[in-house]
Amino acid sequence: MRVEFIKMHGLGNDFIVLDARENALPAALTNETARALADRHTGIGCDQLIVLEPSDSATCRMRIYNHDGGEVEACGNATRAVGLLLGEPARIATSGGMLETTLGDGVVSVELETPRCEWEQIPLAYAMDTLAMPLGWGELEQPVAVNVGNPHAIFFVDDCDAVPLDQLGPEIEHDAVFPERVNVNVATVVDRQTIRLRVWERGVGQTRACGTGACATAVAAMRRKLVDREVTVHLPGGPLTIAWREDGGITMTGGATESFRGSFEWDDFA
Ligand SMILES: N[C@@H](CCC[C@H](N)C(=O)O)C(=O)O
């Protein structure tokens, strides 16, 4: 059976979107099928595979699979891409929380729920200060830990471009202190309104942009009082504006693009 897909990206963080709101997929998506479709040599290729399903309480339910086929709770850039697809107003239910999207002039905004900062909410393996975890990996030390629907560790460094992220990222992602693994962010505060960021994503590797990473990094910098309540986060793929609102929620604003559409034979990947 042929299945239609939409290829999208947010600042170069790219997605395969399978819209199963009206027509269900031929069978439940397995982690193996997600990984096969995400493969850049033998599949369609993507950082994340997104499945849209009907929802009683929201415009749709969004399921998120990383490049390695594992299902995860949140993806900021995919939420903006799906917001673009749905038009507004849209409420998107994820296992990481309810997300609301609005369309602006060439940008999409997402409202995320209040970030969680207690050690067991990240989650971490044991109790510790999440504003300066007393741990280090090579030159990366004392990260901030924040959960914005998914877990992030944020390291503030003098020059994020100089960090060997391909080497330290996987080591930190798989450290036993993070029982659900972690997304690894290396950030440089430029001034009180500007941050530069690179991200090693759990289940993917380095991506051109990570929306939840930008949100978690902005919150971490705000918790450390390094920046104001609204900042521009510059990622390799482009900028995102992040505001930590007075009501506790986060608003993320940035670009989202549809690249092309196509179809594939389900049985070739099942
Ligand atoms: N690219 C995403 C994050 C996707 C999920 C992440 N890799 C995880 O495992 O939590 C974003 O834009 O937020």
# chains A, B, ... in the order shown; residues from 1 in each chain; ligands from 1
$ residues_near_ligand --ligand "ligand 1" --cutoff "10 Å" --atoms "only C-alpha atoms and all ligand atoms" --output "PyMOL selection string"
chain A and resi 9-15+47-49+64-68+70-81+96+147-152+173+180-184+199-216
$ residues_around --residues "stretch 134-143 of chain A" --least-positions-apart "4" --cutoff "6 Å" --atoms "only C-alpha atoms" --output "list in words"
Ala153, Ile154 and Phe155 of chain A
$ residues_around --residues "A:Leu131" --least-positions-apart "2" --cutoff "12 Å" --atoms "only C-alpha atoms" --output "PyMOL selection string"
chain A and resi 116-119+122+128-129+133-135+141-146+153-156+217+219-225
$ write_last_selection --atoms "C-alpha atoms" --output "PDB file, in the first residue's frame"
ATOM      1  CA  ARG A 116      10.379  21.554  34.820  1.00  0.00           C
ATOM      2  CA  CYS A 117      13.611  21.867  36.760  1.00  0.00           C
ATOM      3  CA  GLU A 118      13.480  19.413  39.714  1.00  0.00           C
ATOM      4  CA  TRP A 119      16.040  16.595  39.443  1.00  0.00           C
ATOM      5  CA  ILE A 122      14.532  15.887  34.172  1.00  0.00           C
ATOM      6  CA  MET A 128      21.396  17.086  42.864  1.00  0.00           C
ATOM      7  CA  ASP A 129      21.377  20.796  42.058  1.00  0.00           C
ATOM      8  CA  MET A 133      25.099  19.770  38.265  1.00  0.00           C
ATOM      9  CA  PRO A 134      28.310  18.802  40.130  1.00  0.00           C
ATOM     10  CA  LEU A 135      29.617  16.760  37.187  1.00  0.00           C
ATOM     11  CA  GLU A 141      31.296  21.040  33.375  1.00  0.00           C
ATOM     12  CA  GLN A 142      28.395  21.871  35.687  1.00  0.00           C
ATOM     13  CA  PRO A 143      25.482  21.862  33.221  1.00  0.00           C
ATOM     14  CA  VAL A 144      22.026  23.203  33.917  1.00  0.00           C
ATOM     15  CA  ALA A 145      19.304  20.535  33.531  1.00  0.00           C
ATOM     16  CA  VAL A 146      15.861  21.503  32.199  1.00  0.00           C
ATOM     17  CA  ALA A 153      21.587  19.414  29.708  1.00  0.00           C
ATOM     18  CA  ILE A 154      22.978  22.876  28.948  1.00  0.00           C
ATOM     19  CA  PHE A 155      26.663  23.776  29.195  1.00  0.00           C
ATOM     20  CA  PHE A 156      27.666  27.454  29.051  1.00  0.00           C
ATOM     21  CA  THR A 217      18.975  26.864  26.888  1.00  0.00           C
ATOM     22  CA  VAL A 219      15.443  29.045  30.365  1.00  0.00           C
ATOM     23  CA  ALA A 220      18.790  27.833  31.738  1.00  0.00           C
ATOM     24  CA  ALA A 221      20.432  31.193  30.941  1.00  0.00           C
ATOM     25  CA  MET A 222      17.474  33.018  32.517  1.00  0.00           C
ATOM     26  CA  ARG A 223      17.653  30.811  35.644  1.00  0.00           C
ATOM     27  CA  ARG A 224      21.341  31.757  35.909  1.00  0.00           C
ATOM     28  CA  LYS A 225      20.388  35.429  35.337  1.00  0.00           C
TER      29      LYS A 225
END
$ closest_residue --among "A:Val110, A:Ala58, A:Ala34, A:Ile172" --to "A:Met252" --atoms "only C-alpha atoms"
A:Val110
$ select_by_dssp --residues "stretch 1-162 of chain A" --states "strand (DSSP E)" --output "PyMOL selection string"
chain A and resi 2-10+13-19+48-53+60-66+71-72+90-94+97-103+108-112+136-137+140-141+144-147+151-156
